[in-house]
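Visitor: File upload_9.txt follows (compact mmCIF, C-alpha atoms):
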# COMPACT_ATOMS: atom_id res chain seq x y z
CA MET X 51 -6.83 -18.58 12.53
CA THR X 52 -4.83 -15.62 13.79
CA ARG X 53 -2.63 -14.26 11.01
CA HIS X 54 -1.08 -11.25 12.75
CA ARG X 55 0.92 -12.28 15.77
CA PRO X 56 2.72 -9.82 18.07
CA VAL X 57 6.45 -9.73 17.50
CA PRO X 58 9.36 -8.47 19.61
CA PRO X 59 10.87 -5.07 18.88
CA PRO X 60 13.17 -4.85 15.85
CA ALA X 61 16.33 -5.38 17.87
CA ALA X 62 15.08 -8.83 18.82
CA ALA X 63 13.63 -10.07 15.53
CA PRO X 64 13.62 -8.83 11.95
CA TRP X 65 10.23 -8.68 10.22
CA HIS X 66 10.87 -10.98 7.31
CA ARG X 67 9.28 -14.19 6.28
CA PRO X 68 11.00 -17.38 7.49
CA ARG X 69 14.16 -18.27 5.65
CA ARG X 70 13.74 -20.73 2.79
CA GLY X 71 17.11 -22.45 2.50
CA ALA X 72 19.69 -19.72 2.23
CA THR X 73 17.24 -17.01 1.27
CA THR X 74 14.98 -14.72 3.23
CA VAL X 75 11.43 -14.31 2.01
CA ALA X 76 11.39 -10.59 2.83
CA ALA X 77 8.60 -8.29 3.90
CA ALA X 78 7.23 -6.86 0.72
CA LEU X 79 6.37 -7.58 -2.88
CA LEU X 80 7.44 -6.37 -6.22
CA VAL X 81 6.96 -3.43 -3.99
CA ALA X 82 5.38 -4.07 -0.64
CA ALA X 83 5.39 -5.07 2.95
CA CYS X 84 4.16 -8.58 2.82
CA ALA X 85 3.87 -10.55 6.05
CA ALA X 86 2.68 -7.62 8.11
CA PRO X 87 3.19 -8.28 11.82
CA ALA X 88 0.75 -7.17 14.45
CA LEU X 89 1.34 -3.84 16.10
CA ALA X 90 3.34 -4.67 19.21
CA SER X 91 1.30 -4.75 22.42
CA PRO X 92 -1.91 -3.40 20.85
CA PRO X 93 -4.21 -1.76 23.38
CA PRO X 94 -7.70 -3.21 23.78
CA PRO X 95 -10.24 -1.53 21.50
CA ARG X 96 -12.35 1.18 23.11
CA PRO X 97 -15.27 3.03 21.58
CA ALA X 98 -14.58 6.44 20.10
CA PRO X 99 -15.90 9.15 22.42
CA PRO X 100 -19.27 10.85 21.82
CA THR X 101 -17.50 14.08 20.86
CA ALA X 102 -15.89 12.29 17.93
CA THR X 103 -18.87 10.28 16.69
CA PRO X 104 -22.44 9.54 17.78
CA LEU X 105 -22.08 5.91 16.74
CA ALA X 106 -21.41 2.98 19.02
CA THR X 107 -18.35 0.87 18.27
CA GLY X 108 -19.10 -1.73 15.65
CA GLN X 109 -22.21 0.00 14.28
CA ALA X 110 -22.33 1.30 10.75
CA THR X 111 -24.11 4.33 9.40
CA THR X 112 -25.35 4.19 5.82
CA ASP X 113 -25.98 6.89 3.27
CA ALA X 114 -29.74 7.12 3.77
CA GLY X 115 -30.85 10.62 2.89
CA VAL X 116 -28.17 11.23 0.25
CA SER X 117 -29.49 11.69 -3.29
CA ALA X 118 -29.56 8.66 -5.56
CA HIS X 119 -27.10 10.38 -7.92
CA VAL X 120 -24.51 10.83 -5.17
CA GLN X 121 -25.32 7.44 -3.63
CA HIS X 122 -24.20 5.60 -6.75
CA GLY X 123 -21.44 7.97 -7.83
CA ARG X 124 -17.72 7.41 -7.35
CA GLY X 125 -16.57 8.38 -3.89
CA ALA X 126 -20.07 8.13 -2.39
CA LEU X 127 -19.87 7.10 1.26
CA ARG X 128 -21.68 3.85 2.03
CA SER X 129 -20.94 3.32 5.72
CA VAL X 130 -18.72 4.34 8.65
CA THR X 131 -17.83 1.90 11.42
CA PRO X 132 -15.97 3.08 14.54
CA LEU X 133 -13.09 0.77 15.43
CA ALA X 134 -11.05 1.94 18.43
CA ARG X 135 -9.50 4.84 20.26
CA LEU X 136 -5.89 5.02 21.41
CA SER X 137 -4.52 7.50 23.91
CA ARG X 138 -1.48 9.58 23.10
CA ASP X 139 0.66 7.30 25.30
CA GLU X 140 -0.69 4.18 23.60
CA VAL X 141 0.15 5.53 20.16
CA ALA X 142 3.62 6.59 21.28
CA ARG X 143 4.25 3.17 22.80
CA ALA X 144 3.02 1.30 19.71
CA VAL X 145 5.23 3.23 17.28
CA ALA X 146 8.26 3.26 19.60
CA GLU X 147 8.07 -0.52 20.02
CA HIS X 148 8.48 -0.78 16.27
CA GLY X 149 11.60 1.38 16.29
CA VAL X 150 9.80 4.47 14.99
CA ASP X 151 10.48 7.90 16.47
CA ALA X 152 7.46 8.94 18.56
CA SER X 153 8.52 12.58 19.05
CA SER X 154 5.81 13.84 16.65
CA VAL X 155 2.99 12.16 18.61
CA ARG X 156 0.85 14.90 20.18
CA HIS X 157 -2.72 13.59 20.20
CA ALA X 158 -4.91 10.63 21.02
CA ILE X 159 -6.55 9.11 17.92
CA ALA X 160 -9.83 7.51 16.87
CA THR X 161 -10.01 4.97 14.04
CA TYR X 162 -12.85 4.10 11.67
CA ARG X 163 -13.50 1.83 8.73
CA PHE X 164 -15.51 3.37 5.93
CA GLU X 165 -16.88 1.81 2.77
CA TYR X 166 -17.44 3.74 -0.42
CA ALA X 167 -18.37 3.49 -4.10
CA THR X 168 -15.63 3.20 -6.69
CA ILE X 169 -14.93 1.37 -9.96
CA THR X 170 -13.20 -1.82 -11.07
CA PRO X 171 -10.27 -1.84 -13.51
CA THR X 172 -12.82 -2.15 -16.33
CA GLY X 173 -14.95 0.76 -15.06
CA GLU X 174 -17.79 -1.22 -13.49
CA PRO X 175 -19.29 -0.03 -10.18
CA THR X 176 -17.95 -1.69 -7.04
CA THR X 177 -17.22 -0.87 -3.42
CA ALA X 178 -14.01 -0.58 -1.42
CA SER X 179 -12.97 0.09 2.14
CA ALA X 180 -10.41 2.29 3.88
CA LEU X 181 -9.12 3.23 7.31
CA LEU X 182 -9.82 6.77 8.54
CA THR X 183 -7.80 7.95 11.54
CA LEU X 184 -8.57 11.27 13.22
CA PRO X 185 -6.63 13.09 15.93
CA ASP X 186 -8.30 14.09 19.17
CA GLY X 187 -7.15 17.66 18.57
CA GLY X 188 -5.43 19.58 15.81
CA GLY X 189 -8.35 21.90 15.14
CA HIS X 190 -11.75 21.42 13.54
CA ALA X 191 -10.54 21.46 9.91
CA LEU X 192 -7.72 19.04 9.15
CA SER X 193 -5.37 18.46 6.26
CA THR X 194 -5.12 14.85 5.12
CA VAL X 195 -2.33 12.31 4.77
CA ALA X 196 -3.04 9.64 2.15
CA GLU X 197 -1.09 6.59 3.36
CA LEU X 198 -0.84 3.86 0.71
CA HIS X 199 0.13 0.44 2.02
CA GLY X 200 2.52 -2.16 0.67
CA THR X 201 1.79 -5.58 -0.77
CA VAL X 202 -0.45 -7.99 1.10
CA SER X 203 -2.19 -11.08 -0.27
CA HIS X 204 -4.94 -11.68 2.32
CA ARG X 205 -7.83 -9.23 2.40
CA ASP X 206 -7.73 -9.14 6.21
CA GLU X 207 -4.17 -7.77 6.20
CA ALA X 208 -5.33 -4.44 4.72
CA PRO X 209 -5.35 -1.37 7.01
CA SER X 210 -9.06 -1.14 7.89
CA VAL X 211 -9.30 -4.77 8.98
CA GLY X 212 -5.78 -5.83 10.00
CA ASP X 213 -4.24 -4.69 13.28
CA ASN X 214 -0.73 -4.72 11.84
CA VAL X 215 2.06 -2.61 10.40
CA THR X 216 -0.16 -1.39 7.55
CA ARG X 217 -1.78 0.86 10.22
CA LEU X 218 1.40 2.22 11.73
CA GLY X 219 1.71 5.25 9.46
CA ALA X 220 -1.97 6.12 9.92
CA TYR X 221 -1.52 6.10 13.70
CA LEU X 222 1.64 8.20 13.57
CA TYR X 223 0.44 10.87 11.13
CA ALA X 224 -2.96 11.25 12.83
CA ALA X 225 -1.33 11.54 16.23
CA GLY X 226 0.66 14.42 14.74
CA GLY X 227 -2.54 16.35 14.06
CA ARG X 228 -3.70 15.36 10.56
CA ALA X 229 -6.50 13.15 9.31
CA THR X 230 -5.13 10.01 7.69
CA VAL X 231 -6.83 7.97 4.97
CA ALA X 232 -5.38 4.51 4.29
CA PRO X 233 -7.20 2.79 1.40
CA ASP X 234 -7.38 -1.02 1.41
CA TYR X 235 -7.30 -1.22 -2.45
CA LEU X 236 -9.70 -3.23 -4.56
CA GLY X 237 -10.18 -6.86 -3.57
CA LEU X 238 -8.76 -6.24 -0.09
CA GLY X 239 -10.50 -5.26 3.14
CA THR X 240 -14.25 -5.57 2.56
CA SER X 241 -14.04 -5.01 -1.21
CA PRO X 242 -15.39 -7.91 -3.31
CA GLY X 243 -13.37 -9.96 -5.77
CA THR X 244 -9.61 -10.46 -6.01
CA HIS X 245 -6.96 -7.78 -5.79
CA PRO X 246 -5.71 -6.53 -9.20
CA TYR X 247 -2.16 -6.47 -7.93
CA MET X 248 0.06 -3.85 -9.54
CA ASP X 249 -2.76 -2.43 -11.65
CA THR X 250 -1.69 1.11 -10.87
CA ALA X 251 -4.63 2.83 -12.55
CA SER X 252 -7.30 1.08 -10.47
CA SER X 253 -5.35 1.49 -7.23
CA VAL X 254 -5.10 5.22 -7.95
CA SER X 255 -8.79 5.56 -8.84
CA ALA X 256 -9.88 3.67 -5.71
CA SER X 257 -7.55 5.79 -3.55
CA LEU X 258 -8.88 8.99 -5.11
CA ASP X 259 -12.44 7.87 -4.38
CA ALA X 260 -11.41 7.03 -0.81
CA LEU X 261 -10.27 10.63 -0.34
CA ARG X 262 -13.61 11.86 -1.69
CA ALA X 263 -15.57 9.60 0.64
CA ALA X 264 -13.38 10.59 3.58
CA ARG X 265 -14.62 14.19 3.27
CA THR X 266 -18.18 13.00 3.84
CA ALA X 267 -17.19 10.58 6.60
CA THR X 268 -15.21 13.22 8.46
CA ALA X 269 -18.11 15.68 8.24
CA ARG X 270 -20.42 13.08 9.75
CA LEU X 271 -17.97 12.71 12.61
CA GLY X 272 -18.13 16.41 13.39
CA ARG X 273 -14.88 17.50 11.72
CA ALA X 274 -13.86 18.84 8.32
CA LEU X 275 -11.06 18.27 5.81
CA THR X 276 -9.34 21.26 4.23
CA GLY X 277 -8.69 19.49 0.91
CA GLU X 278 -4.90 19.69 1.28
CA VAL X 279 -3.45 16.20 0.79
CA HIS X 280 0.00 14.93 1.75
CA VAL X 281 0.55 11.74 -0.26
CA THR X 282 2.84 8.96 0.93
CA GLY X 283 3.05 5.19 0.63
CA PHE X 284 5.34 2.21 0.93
CA SER X 285 6.51 -0.32 -1.66
CA GLN X 286 3.48 -1.06 -3.84
CA GLY X 287 2.01 1.95 -2.07
CA GLY X 288 5.01 4.06 -3.07
CA GLN X 289 4.17 3.48 -6.71
CA VAL X 290 0.47 4.15 -6.07
CA ALA X 291 1.47 7.34 -4.23
CA MET X 292 3.29 8.66 -7.28
CA GLY X 293 0.26 7.90 -9.44
CA LEU X 294 -2.17 9.44 -6.98
CA GLY X 295 0.02 12.53 -6.64
CA ARG X 296 -0.01 12.96 -10.41
CA ALA X 297 -3.81 12.61 -10.54
CA LEU X 298 -4.28 15.24 -7.82
CA ALA X 299 -1.74 17.60 -9.38
CA HIS X 300 -3.54 17.33 -12.71
CA GLY X 301 -6.88 18.33 -11.18
CA ALA X 302 -8.63 14.99 -10.72
CA ASP X 303 -10.85 16.57 -8.05
CA ARG X 304 -11.33 20.29 -7.54
CA HIS X 305 -11.79 19.79 -3.79
CA LEU X 306 -8.42 18.06 -3.35
CA ARG X 307 -5.01 19.72 -3.62
CA LEU X 308 -1.65 17.96 -3.55
CA ARG X 309 0.56 19.51 -0.86
CA THR X 310 3.55 17.14 -0.51
CA LEU X 311 4.68 13.82 -2.00
CA THR X 312 6.85 11.45 0.08
CA PRO X 313 6.75 7.86 -1.26
CA VAL X 314 8.92 5.12 0.20
CA SER X 315 10.80 2.42 -1.76
CA GLY X 316 8.32 2.08 -4.63
CA PRO X 317 8.88 -0.13 -7.70
CA TYR X 318 8.77 2.81 -10.05
CA ASP X 319 10.72 1.15 -12.85
CA ILE X 320 9.68 -2.47 -13.37
CA ALA X 321 11.20 -2.80 -16.83
CA GLY X 322 14.48 -1.00 -16.15
CA GLN X 323 15.17 -1.88 -12.53
CA GLU X 324 12.88 -4.35 -10.73
CA LEU X 325 12.76 -7.18 -13.27
CA PRO X 326 16.51 -7.08 -13.98
CA ALA X 327 17.14 -7.10 -10.20
CA ILE X 328 14.92 -10.16 -9.80
CA PHE X 329 17.01 -12.10 -12.30
CA ASP X 330 20.48 -10.87 -11.30
CA GLY X 331 20.11 -11.58 -7.58
CA ARG X 332 19.61 -8.07 -6.19
CA VAL X 333 16.10 -9.11 -5.12
CA ALA X 334 16.12 -11.95 -2.58
CA ASP X 335 14.98 -15.27 -4.04
CA GLY X 336 11.95 -15.74 -1.80
CA SER X 337 10.69 -12.24 -2.45
CA ALA X 338 11.27 -12.55 -6.19
CA VAL X 339 9.22 -15.75 -6.32
CA TYR X 340 6.36 -14.22 -4.35
CA TYR X 341 6.23 -11.00 -6.38
CA LEU X 342 6.41 -12.68 -9.77
CA ALA X 343 3.73 -15.24 -8.90
CA TYR X 344 1.35 -12.58 -7.55
CA PHE X 345 2.01 -10.15 -10.39
CA LEU X 346 1.55 -12.63 -13.22
CA THR X 347 -1.55 -14.23 -11.71
CA ALA X 348 -3.25 -10.88 -11.08
CA GLN X 349 -2.29 -9.38 -14.43
CA ASN X 350 -3.46 -12.44 -16.33
CA ARG X 351 -6.94 -11.97 -14.88
CA LEU X 352 -6.98 -8.48 -16.36
CA HIS X 353 -5.06 -8.86 -19.61
CA HIS X 354 -4.98 -12.57 -20.53
CA LEU X 355 -1.25 -13.05 -20.72
CA TYR X 356 -1.56 -16.85 -20.98
CA ASP X 357 -4.21 -19.53 -21.49
CA ASP X 358 -2.98 -22.05 -18.93
CA PRO X 359 -0.83 -21.47 -15.81
CA ARG X 360 1.28 -24.44 -16.89
CA GLU X 361 2.62 -22.30 -19.72
CA VAL X 362 4.20 -20.00 -17.14
CA PHE X 363 4.69 -21.92 -13.91
CA ARG X 364 6.28 -25.28 -13.33
CA GLN X 365 4.34 -28.01 -11.59
CA PRO X 366 3.18 -28.52 -8.90
CA TYR X 367 2.96 -24.71 -8.54
CA ALA X 368 0.94 -24.06 -11.70
CA ASP X 369 -2.12 -25.81 -10.29
CA ARG X 370 -2.00 -23.71 -7.11
CA MET X 371 -1.76 -20.18 -8.45
CA GLU X 372 -5.41 -19.20 -8.78
CA THR X 373 -6.31 -20.39 -5.29
CA LEU X 374 -3.13 -19.09 -3.65
CA PHE X 375 -3.87 -15.54 -4.76
CA ASP X 376 -7.61 -15.53 -4.09
CA GLY X 377 -7.44 -13.01 -1.22
CA GLU X 378 -8.02 -15.70 1.40
CA HIS X 379 -4.44 -16.88 1.89
CA SER X 380 -1.94 -15.03 4.05
CA ASP X 381 1.53 -14.16 2.81
CA GLU X 382 2.94 -16.91 5.01
CA ASP X 383 0.49 -19.43 3.53
CA VAL X 384 1.41 -18.35 0.01
CA ALA X 385 5.14 -18.55 0.71
CA ARG X 386 4.81 -22.10 2.05
CA ASP X 387 3.29 -23.25 -1.24
CA LEU X 388 5.84 -21.57 -3.52
CA PRO X 389 9.34 -22.77 -4.43
CA ALA X 390 12.54 -21.26 -3.10
CA THR X 391 13.86 -19.92 -6.41
CA VAL X 392 12.63 -18.26 -9.60
CA ASP X 393 14.16 -21.10 -11.66
CA ALA X 394 11.96 -23.57 -9.82
CA LEU X 395 8.87 -21.37 -10.34
CA LEU X 396 9.00 -20.40 -14.01
CA THR X 397 9.18 -22.35 -17.22
CA GLU X 398 12.22 -21.59 -19.34
CA GLU X 399 10.05 -19.79 -21.91
CA TRP X 400 8.54 -17.40 -19.36
CA ALA X 401 11.83 -16.78 -17.57
CA ALA X 402 13.16 -15.60 -20.93
CA ARG X 403 10.03 -13.52 -21.66
CA LEU X 404 10.25 -11.68 -18.37
CA GLN X 405 13.86 -10.76 -19.07
CA HIS X 406 12.98 -9.51 -22.57
CA PRO X 407 9.27 -8.57 -22.49
CA THR X 408 7.38 -8.21 -25.76
CA GLY X 409 3.77 -8.10 -26.88
CA ALA X 410 1.03 -8.16 -24.24
CA LEU X 411 3.52 -8.58 -21.40
CA ALA X 412 5.48 -5.50 -22.46
CA GLU X 413 2.22 -3.55 -22.70
CA VAL X 414 1.23 -4.58 -19.17
CA ILE X 415 4.60 -3.54 -17.77
CA ALA X 416 4.39 -0.21 -19.61
CA ARG X 417 1.01 0.42 -17.93
CA VAL X 418 2.59 -0.20 -14.54
CA ASP X 419 5.63 1.95 -15.22
CA GLY X 420 5.58 5.66 -15.96
CA VAL X 421 4.33 6.97 -12.60
CA CYS X 422 7.34 9.30 -12.40
CA GLU X 423 6.83 10.79 -15.86
CA TRP X 424 5.44 14.17 -14.77
CA ARG X 425 6.54 17.36 -13.04
CA PRO X 426 5.41 17.77 -9.43
CA ARG X 427 5.25 21.39 -8.27
CA VAL X 428 5.19 20.53 -4.58
CA PRO X 429 7.96 19.31 -2.24
CA VAL X 430 8.94 15.74 -3.18
CA ARG X 431 11.01 13.40 -1.03
CA LEU X 432 11.80 9.91 -2.28
CA HIS X 433 12.81 7.47 0.48
CA THR X 434 14.98 4.44 -0.20
CA ALA X 435 17.42 2.06 1.51
CA ALA X 436 20.70 0.78 0.11
CA GLY X 437 20.16 -2.61 1.76
CA ASP X 438 16.70 -3.16 0.27
CA ARG X 439 16.48 -6.59 -1.40
CA ASP X 440 12.79 -6.30 -2.29
CA VAL X 441 12.72 -3.03 -4.19
CA PRO X 442 16.37 -2.15 -4.91
CA THR X 443 17.34 1.49 -4.64
CA GLY X 444 17.79 1.73 -8.41
CA ASN X 445 14.01 2.17 -8.64
CA THR X 446 14.26 5.41 -6.66
CA ALA X 447 17.28 6.61 -8.60
CA SER X 448 15.37 6.03 -11.84
CA CYS X 449 12.33 7.94 -10.57
CA ALA X 450 14.42 10.85 -9.29
CA SER X 451 16.21 11.07 -12.62
CA GLU X 452 12.94 11.15 -14.54
CA LEU X 453 11.46 13.83 -12.28
CA ARG X 454 14.58 15.98 -12.63
CA ARG X 455 14.52 15.56 -16.38
CA ARG X 456 11.05 17.08 -16.33
CA GLY X 457 12.10 20.05 -14.21
CA ALA X 458 11.20 18.86 -10.68
CA HIS X 459 13.62 18.90 -7.75
CA PRO X 460 13.06 15.76 -5.66
CA GLU X 461 15.08 15.13 -2.52
CA VAL X 462 16.30 11.54 -2.15
CA VAL X 463 16.40 10.38 1.47
CA GLN X 464 18.74 7.39 1.93
CA HIS X 465 18.13 5.20 4.98
CA GLY X 466 21.28 3.13 4.64
CA ASP X 467 22.12 -0.55 4.68
CA VAL X 468 18.79 -1.78 6.06
CA ASP X 469 16.15 -4.06 4.57
CA HIS X 470 12.88 -3.11 2.90
CA LEU X 471 10.70 -2.90 5.99
CA ARG X 472 13.27 -1.18 8.19
CA GLY X 473 13.74 1.38 5.45
CA TYR X 474 10.01 2.04 5.70
CA LEU X 475 10.16 2.42 9.49
CA GLY X 476 12.99 4.92 9.13
CA ALA X 477 10.99 6.81 6.52
CA LEU X 478 7.98 6.95 8.84
CA SER X 479 10.08 8.61 11.52
CA ASP X 480 11.55 11.06 9.05
CA ASN X 481 8.25 11.86 7.31
CA ALA X 482 6.40 12.49 10.57
CA ARG X 483 9.05 14.98 11.74
CA TRP X 484 9.18 16.63 8.32
CA LEU X 485 5.40 16.95 8.03
CA ALA X 486 5.27 18.50 11.49
CA ARG X 487 7.43 21.33 10.11
CA GLN X 488 5.17 21.87 7.08
CA GLY X 489 2.37 23.49 9.05
Could you write out this structure as structure tokens?
Guide:
Amino acid sequence: MTRHRPVPPPAAAPWHRPRRGATTVAAALLVAACAAPALASPPPPRPAPPTATPLATGQATTDAGVSAHVQHGRGALRSVTPLARLSRDEVARAVAEHGVDASSVRHAIATYRFEYATITPTGEPTTASALLTLPDGGGHALSTVAELHGTVSHRDEAPSVGDNVTRLGAYLYAAGGRATVAPDYLGLGTSPGTHPYMDTASSVSASLDALRAARTATARLGRALTGEVHVTGFSQGGQVAMGLGRALAHGADRHLRLRTLTPVSGPYDIAGQELPAIFDGRVADGSAVYYLAYFLTAQNRLHHLYDDPREVFRQPYADRMETLFDGEHSDEDVARDLPATVDALLTEEWAARLQHPTGALAEVIARVDGVCEWRPRVPVRLHTAAGDRDVPTGNTASCASELRRRGAHPEVVQHGDVDHLRGYLGALSDNARWLARQG
């Protein structure tokens, strides 16, 4: 079944889920771009040229020859699979058809999926996948953009396997002359298990390991990475970007240096902004239902918030939750099997708990929050949109205030009265032009 269908340009059709009654099930989760549409008019895949990689399209190269210690360590590269090559004109056309400014596009690009060693939320060894996009130009040694994607529920909607909007930033930034690494997150792409949605710590650790593995992958493809990292991300990825930026700034890896931080519309303040907005109507009903269902189901797997889904969710939805969020259902499939309103989703007890969290629930939310509680010493730009009804702009205001309180000087970039996804597209245009001026 094809999940990512081409869509007309933005002027013809907004990228939101179908309307449910009077509400729009928008394109993102408690922080993310959910039903990710296919990149408009995608060019047919072509093998990457011999100068970029000695591998044939579809083949994988394993880590034979690397020491056992490195093989099984975090960030160890397991395989690299060439995907496709796009000409400069093809990249420019793809981004322009999505309403994104293509003026920063200067190079053709080659794309690869790589798999690498990382850890689960409980510290056990596992593997994950990511998209690596390299420019055909820009010099031998490249700085890196870490592009963290928004919420998706199906593993095939992640950047390294889904030909959709989760790849758009990787295409644009690589075509501007930088390597781009777009992690799939745990439980998505080729990673086993289910996605620990909104477990910020494990998304950060997997993304950090993806950057480590990308150094090895890029070397095998005849290029090098300088270690300078520009961190960005959208929605869920905006929150992960703030966490990853903090890890890099605090010396998580001596080979990696944070250079800029430009997250987009992240849910940085679940307790103070996102949850209140879900219950007071600032978050659209359909999106609120989707985010809460995904969040509670994923967090219960990690932290045992409840014994039985019927404690939290009304029937018939309670019996569906575990299978709906198993990584094998698309956002559209999930939305079809959820109610139209939060009142129809939650029991009265859990609706009250979410508005006044205590105990284990409050501890979980506290783990998710706090990504802005540090002092970046690099340029920071926080993108937001006044019309966002998935992650209201109060999240960005809260983050900016916290950063300023700690002595940082973030710039807030307001994209106006547009929805969540269009705010992201505007931020892509702005970020690409801004990064081009950073050298």
Visitor: For a test of reading the model, state the distance in Å between atom CA of Ala146 of chain X and atom CA of Arg472 of chain X, rounded to one decimal.
Guide: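 It comes out at 13.2 Å.
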Visitor: What is the distance between atom CA of Ala327 of chain X and atom CA of Arg455 of chain X, in Å to one decimal?
Guide: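 So the answer is 23.6 Å.
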Visitor: Taking only C-alpha atoms into account, name the residue in X:Ala482, X:Ala256, X:Leu261, X:Ala458 that is nearest to Pro175 of chain X.
Guide: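 Selected residue with least distance to Pro175 of chain X: X:Ala256.
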Visitor: Find the residues near segment 333-335 of chain X: any atom within 6 Å, counting only C-alpha atoms, skip ones fewer than 2 places away on the same chain, and give them as a CSV table (one decimal) with C-alpha atoms, in the coordinates of the input.
Guide:
chain,number,residue,atom,x,y,z
X,327,ALA,CA,17.1,-7.1,-10.2
X,328,ILE,CA,14.9,-10.2,-9.8
X,331,GLY,CA,20.1,-11.6,-7.6
X,337,SER,CA,10.7,-12.2,-2.4
X,338,ALA,CA,11.3,-12.6,-6.2
X,391,THR,CA,13.9,-19.9,-6.4
X,439,ARG,CA,16.5,-6.6,-1.4
X,440,ASP,CA,12.8,-6.3,-2.3
Visitor: So how far away is atom CA of Ala167 of chain X from atom CA of Ser129 of chain X, in Å?
Guide: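 About the pair atom CA of Ser129 of chain X and atom CA of Ala167 of chain X: they are 10.2 Å apart.
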Visitor: Would you list the residues near (14.6, 3.4, 8.9) (no more than 12 Å away, in the coordinates of the file, using only C-alpha atoms) as a PyMOL selection string?
Guide: chain X and resi 60+148-151+314-315+433-438+463-481
Visitor: Which residue, X:Gln488, X:Thr168, X:Asn214, X:Ser137, has the smallest gap to Gly187 of chain X when you use all atoms listed in the file?
Guide: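 Result for the nearest residue to Gly187 of chain X: X:Ser137.
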Visitor: Name the residues, using the chain letters and numbers of the file, that sit within 12 Å of (4.9, 11.0, 0.7) when counting only C-alpha atoms, and give them as an MDAnalysis selection string.
Guide: chainID X and resid 194:199 219 223 279:285 287:295 308:316 428:433 460:463 474 477:478 480:482 484:485
Visitor: Here is a test: counting all atoms listed in the file, which residue of X:Glu398, X:Asp319, X:Leu355, X:Asn350 is nearest to Cys449 of chain X?
Guide: X:Asp319
Visitor: Excluding same-chain residues fewer than 4 positions from Thr216 of chain X, what lies within 8 Å of it counting all atoms listed in the file, as a list of chain:residue names?
Guide: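 Within the cut-off, the hits are X:Ala86, X:His199, X:Gly200, X:Glu207, X:Ala208, X:Pro209, X:Gly212.
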Visitor: Neighbouring residues of segment 368-376 of chain X were defined as those with any atom within 10 Å, considering all atoms listed in the file; residues of the same chain fewer than 2 positions away were excluded. Please report them as a ChimeraX atom specification.
Guide: /X:203-205,237,243-245,247,343-348,351,358-366,378-381,383-385,387-388,395-396
Visitor: Selection from above, C-alpha atoms, as a PDB file, in the coordinates of the input, can you write it?
Guide:
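Output contents, as saved in result12.pdb:
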ATOM      1  CA  SER X 203      -2.190 -11.080  -0.270  1.00  0.00           C
ATOM      2  CA  HIS X 204      -4.940 -11.680   2.320  1.00  0.00           C
ATOM      3  CA  ARG X 205      -7.830  -9.230   2.400  1.00  0.00           C
ATOM      4  CA  GLY X 237     -10.180  -6.860  -3.570  1.00  0.00           C
ATOM      5  CA  GLY X 243     -13.370  -9.960  -5.770  1.00  0.00           C
ATOM      6  CA  THR X 244      -9.610 -10.460  -6.010  1.00  0.00           C
ATOM      7  CA  HIS X 245      -6.960  -7.780  -5.790  1.00  0.00           C
ATOM      8  CA  TYR X 247      -2.160  -6.470  -7.930  1.00  0.00           C
ATOM      9  CA  ALA X 343       3.730 -15.240  -8.900  1.00  0.00           C
ATOM     10  CA  TYR X 344       1.350 -12.580  -7.550  1.00  0.00           C
ATOM     11  CA  PHE X 345       2.010 -10.150 -10.390  1.00  0.00           C
ATOM     12  CA  LEU X 346       1.550 -12.630 -13.220  1.00  0.00           C
ATOM     13  CA  THR X 347      -1.550 -14.230 -11.710  1.00  0.00           C
ATOM     14  CA  ALA X 348      -3.250 -10.880 -11.080  1.00  0.00           C
ATOM     15  CA  ARG X 351      -6.940 -11.970 -14.880  1.00  0.00           C
ATOM     16  CA  ASP X 358      -2.980 -22.050 -18.930  1.00  0.00           C
ATOM     17  CA  PRO X 359      -0.830 -21.470 -15.810  1.00  0.00           C
ATOM     18  CA  ARG X 360       1.280 -24.440 -16.890  1.00  0.00           C
ATOM     19  CA  GLU X 361       2.620 -22.300 -19.720  1.00  0.00           C
ATOM     20  CA  VAL X 362       4.200 -20.000 -17.140  1.00  0.00           C
ATOM     21  CA  PHE X 363       4.690 -21.920 -13.910  1.00  0.00           C
ATOM     22  CA  ARG X 364       6.280 -25.280 -13.330  1.00  0.00           C
ATOM     23  CA  GLN X 365       4.340 -28.010 -11.590  1.00  0.00           C
ATOM     24  CA  PRO X 366       3.180 -28.520  -8.900  1.00  0.00           C
ATOM     25  CA  GLU X 378      -8.020 -15.700   1.400  1.00  0.00           C
ATOM     26  CA  HIS X 379      -4.440 -16.880   1.890  1.00  0.00           C
ATOM     27  CA  SER X 380      -1.940 -15.030   4.050  1.00  0.00           C
ATOM     28  CA  ASP X 381       1.530 -14.160   2.810  1.00  0.00           C
ATOM     29  CA  ASP X 383       0.490 -19.430   3.530  1.00  0.00           C
ATOM     30  CA  VAL X 384       1.410 -18.350   0.010  1.00  0.00           C
ATOM     31  CA  ALA X 385       5.140 -18.550   0.710  1.00  0.00           C
ATOM     32  CA  ASP X 387       3.290 -23.250  -1.240  1.00  0.00           C
ATOM     33  CA  LEU X 388       5.840 -21.570  -3.520  1.00  0.00           C
ATOM     34  CA  LEU X 395       8.870 -21.370 -10.340  1.00  0.00           C
ATOM     35  CA  LEU X 396       9.000 -20.400 -14.010  1.00  0.00           C
TER      36      LEU X 396
END
Visitor: Let me make sure I understand: among X:Val254, X:Ala394, X:Leu342, X:Leu271, which one has the smallest atom-to-atom distance to Thr183 of chain X if we use all atoms listed in the file?
Guide: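 Looking only at the distances to Thr183 of chain X, the closest residue turns out to be X:Leu271.
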Visitor: Point out the residue among X:Phe329, X:Tyr235, X:Tyr162, X:Trp424 with the least atom-to-atom distance to Glu452 of chain X, counting all atoms listed in the file.
Guide: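 Looking only at the distances to Glu452 of chain X, the closest residue turns out to be X:Trp424.
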